[in-house]
>>> print(open('input_6.txt').read())   # compact mmCIF, C-alpha atoms and all ligand atoms
# COMPACT_ATOMS: atom_id res chain seq x y z
CA MET A 28 0.00 0.00 0.00
CA LEU A 29 2.78 2.44 0.91
CA GLY A 30 4.87 2.02 -2.21
CA PRO A 31 8.42 0.66 -2.32
CA GLU A 32 10.17 4.00 -1.76
CA ILE A 33 8.40 4.65 1.55
CA GLU A 34 8.63 1.00 2.63
CA ARG A 35 12.38 1.01 2.03
CA LEU A 36 12.82 4.23 3.98
CA ILE A 37 10.86 2.86 6.95
CA GLN A 38 12.76 -0.43 6.82
CA LEU A 39 16.14 1.34 6.94
CA LEU A 40 15.05 3.77 9.66
CA SER A 41 13.83 0.86 11.81
CA ARG A 42 17.40 -0.50 11.85
CA LEU A 43 18.66 2.54 13.76
CA PRO A 44 19.16 1.93 17.49
CA GLY A 45 16.23 3.41 19.40
CA LEU A 46 13.75 3.23 16.51
CA GLY A 47 11.34 0.31 16.28
CA PRO A 48 8.90 -0.26 13.39
CA ARG A 49 6.32 2.12 14.79
CA SER A 50 8.69 4.98 15.53
CA ALA A 51 10.35 4.40 12.14
CA ARG A 52 6.96 5.01 10.49
CA ARG A 53 6.47 8.17 12.50
CA ALA A 54 9.97 9.33 11.61
CA ALA A 55 9.30 8.65 7.91
CA LEU A 56 6.10 10.70 8.03
CA GLN A 57 7.85 13.53 9.82
CA LEU A 58 10.57 13.49 7.16
CA LEU A 59 8.04 13.46 4.29
CA LYS A 60 6.21 16.40 5.85
CA ARG A 61 9.45 18.36 6.19
CA LYS A 62 11.33 17.56 3.01
CA GLU A 63 13.26 20.82 2.67
CA ALA A 64 13.90 21.43 6.36
CA LEU A 65 14.79 17.90 7.44
CA MET A 66 14.67 15.12 4.84
CA LEU A 67 17.04 16.54 2.22
CA PRO A 68 19.47 17.97 4.81
CA LEU A 69 19.60 14.57 6.53
CA ALA A 70 20.20 12.77 3.21
CA ASP A 71 23.04 15.19 2.53
CA ALA A 72 24.49 14.92 6.04
CA LEU A 73 24.53 11.13 5.77
CA ALA A 74 26.19 11.13 2.36
CA THR A 75 28.72 13.79 3.43
CA ALA A 76 29.63 12.02 6.67
CA ALA A 77 29.90 8.67 4.86
CA ALA A 78 32.27 10.25 2.35
CA THR A 79 34.43 12.22 4.79
CA VAL A 80 34.47 10.44 8.16
CA ARG A 81 37.04 7.68 8.49
CA THR A 82 38.52 5.45 11.18
CA CYS A 83 41.72 6.82 12.76
CA SER A 84 44.55 4.46 11.89
CA VAL A 85 46.20 5.15 15.24
CA CYS A 86 43.42 4.92 17.84
CA GLY A 87 40.37 3.57 15.97
CA SER A 88 38.15 6.59 16.65
CA PHE A 89 36.16 8.46 13.98
CA ASP A 90 37.14 11.77 12.42
CA THR A 91 37.43 13.45 9.05
CA GLN A 92 41.20 13.48 9.42
CA ASP A 93 43.61 10.57 9.94
CA PRO A 94 45.21 10.63 12.48
CA CYS A 95 42.15 11.97 14.29
CA GLY A 96 42.02 15.31 16.07
CA VAL A 97 42.94 13.79 19.44
CA CYS A 98 45.87 11.77 18.10
CA ALA A 99 47.14 14.80 16.13
CA ASP A 100 46.78 17.20 19.07
CA GLU A 101 50.25 17.76 20.53
CA ARG A 102 48.74 19.17 23.71
CA ARG A 103 47.28 15.74 24.56
CA ASP A 104 49.47 13.76 26.94
CA PRO A 105 51.22 11.06 24.85
CA THR A 106 52.28 9.05 27.91
CA ILE A 107 48.78 7.82 28.88
CA LEU A 108 46.52 5.62 26.75
CA CYS A 109 42.86 5.18 27.69
CA VAL A 110 41.52 1.93 26.23
CA VAL A 111 37.77 1.88 25.52
CA GLU A 112 35.38 -0.54 23.87
CA GLU A 113 33.70 1.78 21.40
CA VAL A 114 33.96 5.22 19.80
CA ALA A 115 30.85 6.12 21.84
CA ASP A 116 33.03 5.86 24.95
CA VAL A 117 35.57 8.31 23.49
CA TRP A 118 32.74 10.73 22.86
CA ALA A 119 31.44 10.27 26.43
CA LEU A 120 34.89 10.89 27.97
CA GLU A 121 35.49 13.90 25.73
CA ARG A 122 32.10 15.38 26.66
CA ALA A 123 33.08 15.01 30.32
CA SER A 124 36.49 16.60 29.57
CA ALA A 125 37.66 13.86 31.91
CA PHE A 126 40.87 12.80 30.17
CA LYS A 127 43.76 14.63 28.58
CA GLY A 128 45.74 11.69 27.15
CA ARG A 129 45.21 9.60 24.02
CA TYR A 130 42.63 6.89 23.31
CA HIS A 131 42.63 3.37 21.97
CA VAL A 132 39.32 1.96 20.68
CA LEU A 133 39.06 -1.84 20.82
CA GLY A 134 35.96 -2.03 18.65
CA GLY A 135 34.11 -4.31 21.09
CA THR A 136 34.85 -6.87 23.79
CA LEU A 137 36.03 -10.45 23.80
CA SER A 138 33.01 -12.73 23.74
CA ALA A 139 33.08 -16.51 23.66
CA LEU A 140 29.34 -16.49 23.01
CA ASP A 141 29.59 -14.23 19.96
CA GLY A 142 32.87 -15.77 18.81
CA VAL A 143 34.85 -12.54 19.23
CA GLY A 144 38.56 -13.30 19.81
CA PRO A 145 41.58 -11.04 20.40
CA GLU A 146 42.37 -10.81 16.67
CA ASP A 147 38.86 -9.45 16.00
CA LEU A 148 39.59 -6.44 18.21
CA ASN A 149 42.27 -3.73 18.04
CA ILE A 150 44.37 -5.57 20.63
CA PRO A 151 47.52 -6.24 18.54
CA SER A 152 47.78 -2.51 17.77
CA LEU A 153 47.31 -1.72 21.46
CA VAL A 154 50.20 -4.01 22.38
CA ARG A 155 52.33 -2.20 19.79
CA ARG A 156 51.37 1.25 21.09
CA ALA A 157 51.91 0.24 24.72
CA SER A 158 55.42 -0.97 23.86
CA ASP A 159 56.41 2.54 22.76
CA PRO A 160 58.81 3.83 25.49
CA ALA A 161 56.92 7.15 25.45
CA VAL A 162 53.84 5.40 26.88
CA THR A 163 54.02 4.95 30.66
CA GLU A 164 50.42 4.22 31.65
CA VAL A 165 47.46 2.35 30.15
CA ILE A 166 44.00 2.96 31.61
CA LEU A 167 41.53 0.16 30.97
CA ALA A 168 38.15 1.88 30.67
CA MET A 169 35.98 -1.07 29.72
CA ASP A 170 32.30 -1.30 30.64
CA ALA A 171 31.65 -2.90 34.05
CA THR A 172 30.09 -5.92 32.33
CA VAL A 173 31.30 -9.53 32.33
CA ASP A 174 32.64 -9.23 28.78
CA GLY A 175 34.18 -5.85 29.54
CA GLN A 176 36.02 -7.12 32.60
CA THR A 177 37.09 -10.34 30.84
CA THR A 178 38.59 -8.17 28.12
CA ALA A 179 40.35 -5.99 30.71
CA HIS A 180 41.91 -9.05 32.34
CA TYR A 181 43.02 -10.41 28.99
CA ILE A 182 44.66 -7.09 28.05
CA THR A 183 46.38 -6.91 31.45
CA ASP A 184 47.99 -10.28 30.71
CA ARG A 185 48.96 -9.26 27.18
CA LEU A 186 50.62 -6.06 28.45
CA ALA A 187 52.62 -7.86 31.16
CA GLY A 188 55.78 -7.55 29.07
CA ALA A 189 55.34 -3.86 28.29
CA ASN A 190 56.89 -1.38 30.68
CA VAL A 191 53.65 0.42 31.57
CA ALA A 192 51.55 0.96 34.65
CA ILE A 193 48.08 -0.50 34.10
CA SER A 194 45.07 0.97 35.87
CA ARG A 195 41.36 0.68 35.56
CA LEU A 196 38.42 2.93 36.31
CA ALA A 197 37.51 3.01 40.00
CA HIS A 198 34.41 3.54 42.11
CA GLY A 199 31.73 5.31 40.21
CA VAL A 200 31.09 2.85 37.43
CA PRO A 201 27.95 0.99 38.53
CA VAL A 202 28.16 -2.81 38.30
CA GLY A 203 26.60 -3.87 35.02
CA GLY A 204 26.61 -0.29 33.83
CA GLU A 205 27.70 0.86 30.40
CA LEU A 206 30.20 3.68 30.16
CA ASP A 207 28.29 5.57 27.51
CA TYR A 208 25.29 6.00 29.84
CA LEU A 209 27.12 7.62 32.76
CA ASP A 210 26.93 11.27 33.66
CA ASP A 211 29.99 13.48 33.37
CA GLY A 212 30.57 13.72 37.13
CA THR A 213 30.59 9.96 37.60
CA LEU A 214 32.98 9.52 34.71
CA THR A 215 35.33 12.17 36.04
CA THR A 216 35.31 10.71 39.56
CA ALA A 217 35.91 7.19 38.31
CA LEU A 218 38.82 8.36 36.21
CA LYS A 219 40.45 10.38 38.99
CA ALA A 220 40.14 7.49 41.46
CA ARG A 221 41.53 4.93 39.06
CA ARG A 222 43.60 2.26 40.77
CA PRO A 223 46.49 0.08 39.64
CA VAL A 224 45.69 -3.46 38.55
CA MET B 20 35.72 17.64 19.16
CA LEU B 21 33.51 15.58 16.86
CA GLY B 22 33.95 17.68 13.75
CA PRO B 23 31.18 19.57 11.96
CA GLU B 24 30.11 16.66 9.70
CA ILE B 25 29.34 14.36 12.64
CA GLU B 26 27.84 17.16 14.75
CA ARG B 27 25.47 18.08 11.91
CA LEU B 28 24.44 14.46 11.43
CA ILE B 29 23.69 14.05 15.16
CA GLN B 30 21.81 17.33 15.25
CA LEU B 31 19.55 16.32 12.33
CA LEU B 32 19.00 12.80 13.68
CA SER B 33 17.98 14.23 17.06
CA ARG B 34 15.09 16.03 15.32
CA LEU B 35 13.45 12.73 14.37
CA PRO B 36 10.52 11.75 16.62
CA GLY B 37 11.68 9.09 19.07
CA LEU B 38 15.36 10.08 18.99
CA GLY B 39 16.78 12.36 21.68
CA PRO B 40 20.35 13.68 21.74
CA ARG B 41 21.75 10.50 23.28
CA SER B 42 20.03 8.08 20.94
CA ALA B 43 20.92 10.35 18.00
CA ARG B 44 24.60 9.93 18.94
CA ARG B 45 24.20 6.17 19.13
CA ALA B 46 22.41 6.15 15.78
CA ALA B 47 25.20 8.24 14.23
CA LEU B 48 27.84 5.80 15.52
CA GLN B 49 25.86 2.83 14.25
CA LEU B 50 25.62 4.51 10.85
CA LEU B 51 29.35 5.32 10.74
CA LYS B 52 30.17 1.72 11.64
CA ARG B 53 27.93 0.43 8.88
CA LYS B 54 28.50 2.84 6.02
CA GLU B 55 27.87 0.46 3.14
CA ALA B 56 25.09 -1.58 4.73
CA LEU B 57 23.11 1.22 6.35
CA MET B 58 24.42 4.79 6.02
CA LEU B 59 24.65 5.09 2.24
CA PRO B 60 21.41 3.12 1.61
CA LEU B 61 19.59 5.42 4.07
CA ALA B 62 21.01 8.54 2.41
CA ASP B 63 19.81 7.19 -0.92
CA ALA B 64 16.38 6.17 0.42
CA LEU B 65 15.86 9.65 1.88
CA ALA B 66 16.88 11.42 -1.34
CA THR B 67 14.78 9.05 -3.48
CA ALA B 68 11.69 9.36 -1.30
CA ALA B 69 12.08 13.15 -1.15
CA ALA B 70 12.24 13.26 -4.94
CA THR B 71 9.41 10.83 -5.70
CA VAL B 72 6.87 10.94 -2.87
CA ARG B 73 4.27 13.67 -3.16
CA THR B 74 1.01 14.70 -1.51
CA CYS B 75 -2.11 13.34 -3.23
CA SER B 76 -4.06 16.31 -4.62
CA VAL B 77 -7.34 14.50 -3.93
CA CYS B 78 -7.04 13.10 -0.40
CA GLY B 79 -3.83 14.60 1.02
CA SER B 80 -2.09 11.25 1.61
CA PHE B 81 1.47 10.43 0.47
CA ASP B 82 2.36 8.35 -2.57
CA THR B 83 4.67 8.40 -5.57
CA GLN B 84 1.64 8.85 -7.82
CA ASP B 85 -0.98 11.59 -7.84
CA PRO B 86 -3.79 10.70 -7.34
CA CYS B 87 -2.49 8.22 -4.79
CA GLY B 88 -2.94 4.45 -5.03
CA VAL B 89 -6.10 4.48 -2.91
CA CYS B 90 -7.75 7.35 -4.81
CA ALA B 91 -6.82 5.75 -8.14
CA ASP B 92 -8.05 2.28 -7.13
CA GLU B 93 -11.46 1.74 -8.75
CA ARG B 94 -12.18 -1.16 -6.39
CA ARG B 95 -12.28 1.26 -3.44
CA ASP B 96 -15.82 2.36 -2.57
CA PRO B 97 -16.22 5.95 -3.83
CA THR B 98 -19.37 6.56 -1.79
CA ILE B 99 -17.66 6.63 1.64
CA LEU B 100 -15.00 9.13 2.77
CA CYS B 101 -13.03 8.49 5.92
CA VAL B 102 -11.70 11.77 7.32
CA VAL B 103 -8.49 11.49 9.37
CA GLU B 104 -6.09 13.94 10.96
CA GLU B 105 -2.81 12.67 9.55
CA VAL B 106 -1.32 10.38 6.92
CA ALA B 107 -0.21 8.17 9.84
CA ASP B 108 -3.90 7.42 10.44
CA VAL B 109 -4.37 6.33 6.80
CA TRP B 110 -1.43 3.96 7.24
CA ALA B 111 -2.90 2.60 10.50
CA LEU B 112 -6.32 1.97 8.91
CA GLU B 113 -4.74 0.38 5.84
CA ARG B 114 -2.59 -1.89 8.01
CA ALA B 115 -5.77 -3.01 9.78
CA SER B 116 -7.49 -3.50 6.39
CA ALA B 117 -10.35 -1.88 8.24
CA PHE B 118 -11.79 0.33 5.51
CA LYS B 119 -12.56 -0.10 1.84
CA GLY B 120 -13.61 3.45 0.92
CA ARG B 121 -11.54 6.56 0.22
CA TYR B 122 -9.69 8.83 2.65
CA HIS B 123 -9.44 12.54 3.33
CA VAL B 124 -6.45 13.79 5.33
CA LEU B 125 -7.03 17.05 7.21
CA GLY B 126 -3.37 17.63 8.00
CA GLY B 127 -4.03 18.29 11.70
CA THR B 128 -6.82 19.52 13.97
CA LEU B 129 -8.36 22.86 14.73
CA SER B 130 -6.55 24.41 17.67
CA ALA B 131 -7.22 27.82 19.18
CA LEU B 132 -4.05 27.45 21.23
CA ASP B 133 -1.82 26.82 18.23
CA GLY B 134 -3.77 29.22 16.00
CA VAL B 135 -4.91 26.50 13.58
CA GLY B 136 -8.13 27.53 11.82
CA PRO B 137 -10.30 25.78 9.21
CA GLU B 138 -8.39 27.34 6.29
CA ASP B 139 -5.13 25.85 7.63
CA LEU B 140 -6.56 22.35 7.23
CA ASN B 141 -7.91 20.48 4.19
CA ILE B 142 -11.48 21.31 5.19
CA PRO B 143 -12.56 23.35 2.12
CA SER B 144 -11.56 20.45 -0.13
CA LEU B 145 -13.48 18.05 2.14
CA VAL B 146 -16.62 20.17 1.78
CA ARG B 147 -16.17 20.05 -2.01
CA ARG B 148 -15.67 16.28 -2.06
CA ALA B 149 -18.62 15.67 0.28
CA SER B 150 -20.86 17.72 -2.04
CA ASP B 151 -20.23 15.26 -4.87
CA PRO B 152 -23.53 13.35 -5.30
CA ALA B 153 -21.52 10.10 -5.55
CA VAL B 154 -20.53 10.49 -1.87
CA THR B 155 -23.19 9.27 0.54
CA GLU B 156 -21.32 8.88 3.83
CA VAL B 157 -18.53 10.69 5.65
CA ILE B 158 -16.83 8.93 8.57
CA LEU B 159 -15.11 11.28 11.00
CA ALA B 160 -12.12 9.32 12.29
CA MET B 161 -10.44 11.97 14.41
CA ASP B 162 -8.41 11.15 17.50
CA ALA B 163 -10.45 10.97 20.73
CA THR B 164 -8.74 14.13 21.99
CA VAL B 165 -10.28 17.52 22.75
CA ASP B 166 -8.89 19.04 19.53
CA GLY B 167 -9.90 15.98 17.51
CA GLN B 168 -13.48 16.08 18.76
CA THR B 169 -13.71 19.87 18.34
CA THR B 170 -12.64 19.39 14.76
CA ALA B 171 -15.21 16.62 14.25
CA HIS B 172 -17.99 18.90 15.55
CA TYR B 173 -16.85 21.73 13.32
CA ILE B 174 -16.84 19.48 10.25
CA THR B 175 -20.29 18.11 11.14
CA ASP B 176 -21.60 21.69 11.07
CA ARG B 177 -19.81 22.50 7.80
CA LEU B 178 -21.28 19.39 6.13
CA ALA B 179 -24.86 20.12 7.28
CA GLY B 180 -25.76 21.29 3.78
CA ALA B 181 -24.23 18.31 1.99
CA ASN B 182 -26.48 15.34 1.38
CA VAL B 183 -24.35 12.82 3.28
CA ALA B 184 -24.73 10.64 6.34
CA ILE B 185 -22.08 11.59 8.91
CA SER B 186 -20.78 9.00 11.35
CA ARG B 187 -17.90 8.79 13.72
CA LEU B 188 -15.83 5.99 15.18
CA ALA B 189 -17.56 4.17 18.02
CA HIS B 190 -16.59 2.21 21.11
CA GLY B 191 -13.04 1.03 20.98
CA VAL B 192 -11.18 4.31 20.73
CA PRO B 193 -9.96 4.94 24.27
CA VAL B 194 -10.63 8.43 25.60
CA GLY B 195 -7.55 10.54 25.08
CA GLY B 196 -6.12 7.89 22.78
CA GLU B 197 -4.47 8.56 19.47
CA LEU B 198 -5.62 6.58 16.46
CA ASP B 199 -2.14 5.76 15.26
CA TYR B 200 -1.37 3.86 18.49
CA LEU B 201 -4.34 1.48 18.40
CA ASP B 202 -4.12 -2.18 17.51
CA ASP B 203 -5.80 -3.49 14.38
CA GLY B 204 -8.64 -5.23 16.23
CA THR B 205 -9.63 -2.10 18.12
CA LEU B 206 -9.58 -0.05 14.93
CA THR B 207 -11.69 -2.60 13.06
CA THR B 208 -14.23 -2.81 15.89
CA ALA B 209 -14.50 0.95 16.24
CA LEU B 210 -15.04 1.30 12.50
CA LYS B 211 -17.72 -1.43 12.28
CA ALA B 212 -19.63 0.01 15.26
CA ARG B 213 -19.54 3.58 13.96
CA ARG B 214 -22.67 5.54 14.79
CA PRO B 215 -24.48 8.41 13.11
CA VAL B 216 -23.80 11.90 14.47
ZN ZN C 301 43.13 8.80 16.71
ZN ZN C 302 -5.35 10.15 -2.56
>>> encode(input="input_6.txt", output="structure tokens")
Amino acid sequence: MLGPEIERLIQLLSRLPGLGPRSARRAALQLLKRKEALMLPLADALATAAATVRTCSVCGSFDTQDPCGVCADERRDPTILCVVEEVADVWALERASAFKGRYHVLGGTLSALDGVGPEDLNIPSLVRRASDPAVTEVILAMDATVDGQTTAHYITDRLAGANVAISRLAHGVPVGGELDYLDDGTLTTALKARRPV
Amino acid sequence: MLGPEIERLIQLLSRLPGLGPRSARRAALQLLKRKEALMLPLADALATAAATVRTCSVCGSFDTQDPCGVCADERRDPTILCVVEEVADVWALERASAFKGRYHVLGGTLSALDGVGPEDLNIPSLVRRASDPAVTEVILAMDATVDGQTTAHYITDRLAGANVAISRLAHGVPVGGELDYLDDGTLTTALKARRPV
């Protein structure tokens, strides 16, 4: 009844996190009602971002430049690496202005259930970066989930040979909580109170 | 920190119904992680729908053809018009397969508060369509809200001179409920039990 163009739009919108089939329909209608103000600008923003945003070859974050703005910023402390699961976590820490060093994005967590092993994550590149004599500390900022903590333990073992202090986020990260959902104050506190592993 | 391309994408996504700032960020990350599978197809679907979908000049619904598929379908009963507030309501009734006549989309409700008067809605065109001798019944399928019912009363008055039976949706529409959120069974029941005004 809706026609293939509208059906396809709804189907793609419903694959965004936070939008189910019903809200995807409402979003499609809103877009169709506001073609000039919303629909065409969004189409353009998507195409532009897809064409210009890339993965930083150093840390795994997203930016239009490679290395990314953080990696290229000489004012950022090059001696501390903060290891996170996802780019969302970099954004959360940057919003909190909680960290002045560099990042390393794993791209997920180890997961026996989902068949995710060390080679599926940016762990080899982390071991390389941590072996740089300029790096003196690695902060493991995984989510406080089973997979997150398993990954943190695995990385701790892998970095045993590197001459770096390893710490992890302290009190403030609720058990079972996901980093990206924390408020800025909690993130800042947890980072300041980080403790050695 | 994020760069203007990503900021713009998040800002536009956050204007979709159902997506706040946080879920817009998560959606943007999901899109950037899945450029080929999701981001570029969505950009294309938006541009294509914006270019091809138009408002039906007869009923006010959306379709790639004008008149729309329902208005052009000779199997649909031309003697009954179902008047709804929004295109979303047409979609809901079509999903329920609850109605075999034609539609008329008002494009909203009368609202003193928001300064919406009869000329801001597709009411003049409804009066014209209802005056067609081929039309014998007009079903007022407004939401069961104050503005929806005010609009239904106003239309009843405006159609007093037209030679049509006027009915409205019956039991089944919860008070304060919005049509687009009802299940198919409730919609079908309410439509079957419609009563004359
Ligand atoms: Zn980087
Ligand atoms: Zn139509």
>>> residues_near_point(input="input_6.txt", point="(-8.2, 19.4, 6.4)", cutoff="6 Å", atoms="all atoms listed in the file", output="tab-separated table (two decimals) with C-alpha atoms, keeping the file's coordinate frame")
chain	number	residue	atom	x	y	z
B	124	VAL	CA	-6.45	13.79	5.33
B	125	LEU	CA	-7.03	17.05	7.21
B	126	GLY	CA	-3.37	17.63	8.00
B	140	LEU	CA	-6.56	22.35	7.23
B	141	ASN	CA	-7.91	20.48	4.19
B	142	ILE	CA	-11.48	21.31	5.19
>>> residues_near_ligand(input="input_6.txt", ligand="ligand ZN 302 (chain C)", cutoff="10 Å", atoms="all atoms listed in the file", output="PyMOL selection string")
chain B and resi 74-82+84-92+121-124
>>> write_last_selection(input="input_6.txt", atoms="C-alpha atoms", output="compact mmCIF listing (two decimals), in the coordinates of the input")
# COMPACT_ATOMS: atom_id res chain seq x y z
CA THR B 74 1.01 14.70 -1.51
CA CYS B 75 -2.11 13.34 -3.23
CA SER B 76 -4.06 16.31 -4.62
CA VAL B 77 -7.34 14.50 -3.93
CA CYS B 78 -7.04 13.10 -0.40
CA GLY B 79 -3.83 14.60 1.02
CA SER B 80 -2.09 11.25 1.61
CA PHE B 81 1.47 10.43 0.47
CA ASP B 82 2.36 8.35 -2.57
CA GLN B 84 1.64 8.85 -7.82
CA ASP B 85 -0.98 11.59 -7.84
CA PRO B 86 -3.79 10.70 -7.34
CA CYS B 87 -2.49 8.22 -4.79
CA GLY B 88 -2.94 4.45 -5.03
CA VAL B 89 -6.10 4.48 -2.91
CA CYS B 90 -7.75 7.35 -4.81
CA ALA B 91 -6.82 5.75 -8.14
CA ASP B 92 -8.05 2.28 -7.13
CA ARG B 121 -11.54 6.56 0.22
CA TYR B 122 -9.69 8.83 2.65
CA HIS B 123 -9.44 12.54 3.33
CA VAL B 124 -6.45 13.79 5.33
>>> residues_around(input="input_6.txt", residues="region 159-167 of chain A", least_positions_apart="2", cutoff="10 Å", atoms="all atoms listed in the file", output="mmCIF file with C-alpha atoms, in the coordinates of the input")
data_model
loop_
_atom_site.group_PDB
_atom_site.id
_atom_site.type_symbol
_atom_site.label_atom_id
_atom_site.label_comp_id
_atom_site.auth_asym_id
_atom_site.auth_seq_id
_atom_site.Cartn_x
_atom_site.Cartn_y
_atom_site.Cartn_z
ATOM 1 C CA ASP A 104 49.470 13.760 26.940
ATOM 2 C CA PRO A 105 51.220 11.060 24.850
ATOM 3 C CA THR A 106 52.280 9.050 27.910
ATOM 4 C CA ILE A 107 48.780 7.820 28.880
ATOM 5 C CA LEU A 108 46.520 5.620 26.750
ATOM 6 C CA CYS A 109 42.860 5.180 27.690
ATOM 7 C CA VAL A 110 41.520 1.930 26.230
ATOM 8 C CA VAL A 111 37.770 1.880 25.520
ATOM 9 C CA GLU A 112 35.380 -0.540 23.870
ATOM 10 C CA GLY A 128 45.740 11.690 27.150
ATOM 11 C CA ARG A 129 45.210 9.600 24.020
ATOM 12 C CA TYR A 130 42.630 6.890 23.310
ATOM 13 C CA HIS A 131 42.630 3.370 21.970
ATOM 14 C CA LEU A 153 47.310 -1.720 21.460
ATOM 15 C CA VAL A 154 50.200 -4.010 22.380
ATOM 16 C CA ARG A 155 52.330 -2.200 19.790
ATOM 17 C CA ARG A 156 51.370 1.250 21.090
ATOM 18 C CA ALA A 157 51.910 0.240 24.720
ATOM 19 C CA MET A 169 35.980 -1.070 29.720
ATOM 20 C CA ASP A 170 32.300 -1.300 30.640
ATOM 21 C CA GLY A 175 34.180 -5.850 29.540
ATOM 22 C CA GLN A 176 36.020 -7.120 32.600
ATOM 23 C CA THR A 178 38.590 -8.170 28.120
ATOM 24 C CA ALA A 179 40.350 -5.990 30.710
ATOM 25 C CA HIS A 180 41.910 -9.050 32.340
ATOM 26 C CA ILE A 182 44.660 -7.090 28.050
ATOM 27 C CA THR A 183 46.380 -6.910 31.450
ATOM 28 C CA LEU A 186 50.620 -6.060 28.450
ATOM 29 C CA ALA A 189 55.340 -3.860 28.290
ATOM 30 C CA ASN A 190 56.890 -1.380 30.680
ATOM 31 C CA VAL A 191 53.650 0.420 31.570
ATOM 32 C CA ALA A 192 51.550 0.960 34.650
ATOM 33 C CA ILE A 193 48.080 -0.500 34.100
ATOM 34 C CA SER A 194 45.070 0.970 35.870
ATOM 35 C CA ARG A 195 41.360 0.680 35.560
ATOM 36 C CA LEU A 196 38.420 2.930 36.310
ATOM 37 C CA LEU A 218 38.820 8.360 36.210
ATOM 38 C CA ARG A 221 41.530 4.930 39.060
ATOM 39 C CA ARG A 222 43.600 2.260 40.770
ATOM 40 C CA PRO A 223 46.490 0.080 39.640
ATOM 41 C CA VAL A 224 45.690 -3.460 38.550
#
>>> interface_residues(input="input_6.txt", of="chain A", to="chain B", cutoff="6 Å", atoms="all atoms listed in the file", output="JSON, numbers by chain")
{"A": [32, 36, 43, 44, 54, 70, 72, 73, 74, 76]}
>>> atom_distance(input="input_6.txt", atom1="CA of Glu205 (chain A)", atom2="atom ZN of ligand ZN 301 (chain C)")
22.1 Å
>>> atom_distance(input="input_6.txt", atom1="CA of Ala187 (chain A)", atom2="CA of Pro145 (chain A)")
15.7 Å
>>> closest_residue(input="input_6.txt", among="A:Gly144, A:Val117, A:Thr136, A:Arg102", to="ligand ZN 301 (chain C)", atoms="only C-alpha atoms and all ligand atoms")
A:Val117
>>> atom_distance(input="input_6.txt", atom1="CA of Lys127 (chain A)", atom2="CA of Arg103 (chain A)")
5.5 Å
>>> decode(input="input_6.txt", residues="region 137-146 of chain B", atoms="N, CA, C and O atoms", output="CSV table (one decimal), in the first residue's frame")
chain,number,residue,atom,x,y,z
B,137,PRO,N,-9.8,26.7,10.3
B,137,PRO,CA,-10.3,25.8,9.2
B,137,PRO,C,-9.5,25.9,7.9
B,137,PRO,O,-9.3,24.9,7.2
B,138,GLU,N,-9.1,27.1,7.6
B,138,GLU,CA,-8.4,27.3,6.3
B,138,GLU,C,-7.0,26.8,6.3
B,138,GLU,O,-6.3,26.7,5.3
B,139,ASP,N,-6.5,26.5,7.5
B,139,ASP,CA,-5.1,25.9,7.6
B,139,ASP,C,-5.2,24.3,7.4
B,139,ASP,O,-4.2,23.7,7.3
B,140,LEU,N,-6.4,23.8,7.4
B,140,LEU,CA,-6.6,22.3,7.2
B,140,LEU,C,-7.2,22.1,5.9
B,140,LEU,O,-7.8,23.0,5.3
B,141,ASN,N,-7.3,20.8,5.5
B,141,ASN,CA,-7.9,20.5,4.2
B,141,ASN,C,-9.4,20.3,4.4
B,141,ASN,O,-10.0,19.3,4.0
B,142,ILE,N,-10.0,21.4,5.0
B,142,ILE,CA,-11.5,21.3,5.2
B,142,ILE,C,-12.3,21.8,4.0
B,142,ILE,O,-13.3,21.2,3.6
B,143,PRO,N,-11.8,22.9,3.3
B,143,PRO,CA,-12.6,23.4,2.1
B,143,PRO,C,-12.6,22.2,1.1
B,143,PRO,O,-13.7,22.0,0.5
B,144,SER,N,-11.5,21.5,0.9
B,144,SER,CA,-11.6,20.4,-0.1
B,144,SER,C,-12.5,19.3,0.3
B,144,SER,O,-13.1,18.6,-0.5
B,145,LEU,N,-12.6,19.1,1.6
B,145,LEU,CA,-13.5,18.0,2.1
B,145,LEU,C,-14.9,18.4,1.8
B,145,LEU,O,-15.7,17.6,1.4
B,146,VAL,N,-15.3,19.7,2.1
B,146,VAL,CA,-16.6,20.2,1.8
B,146,VAL,C,-16.9,20.0,0.3
B,146,VAL,O,-18.0,19.5,-0.1
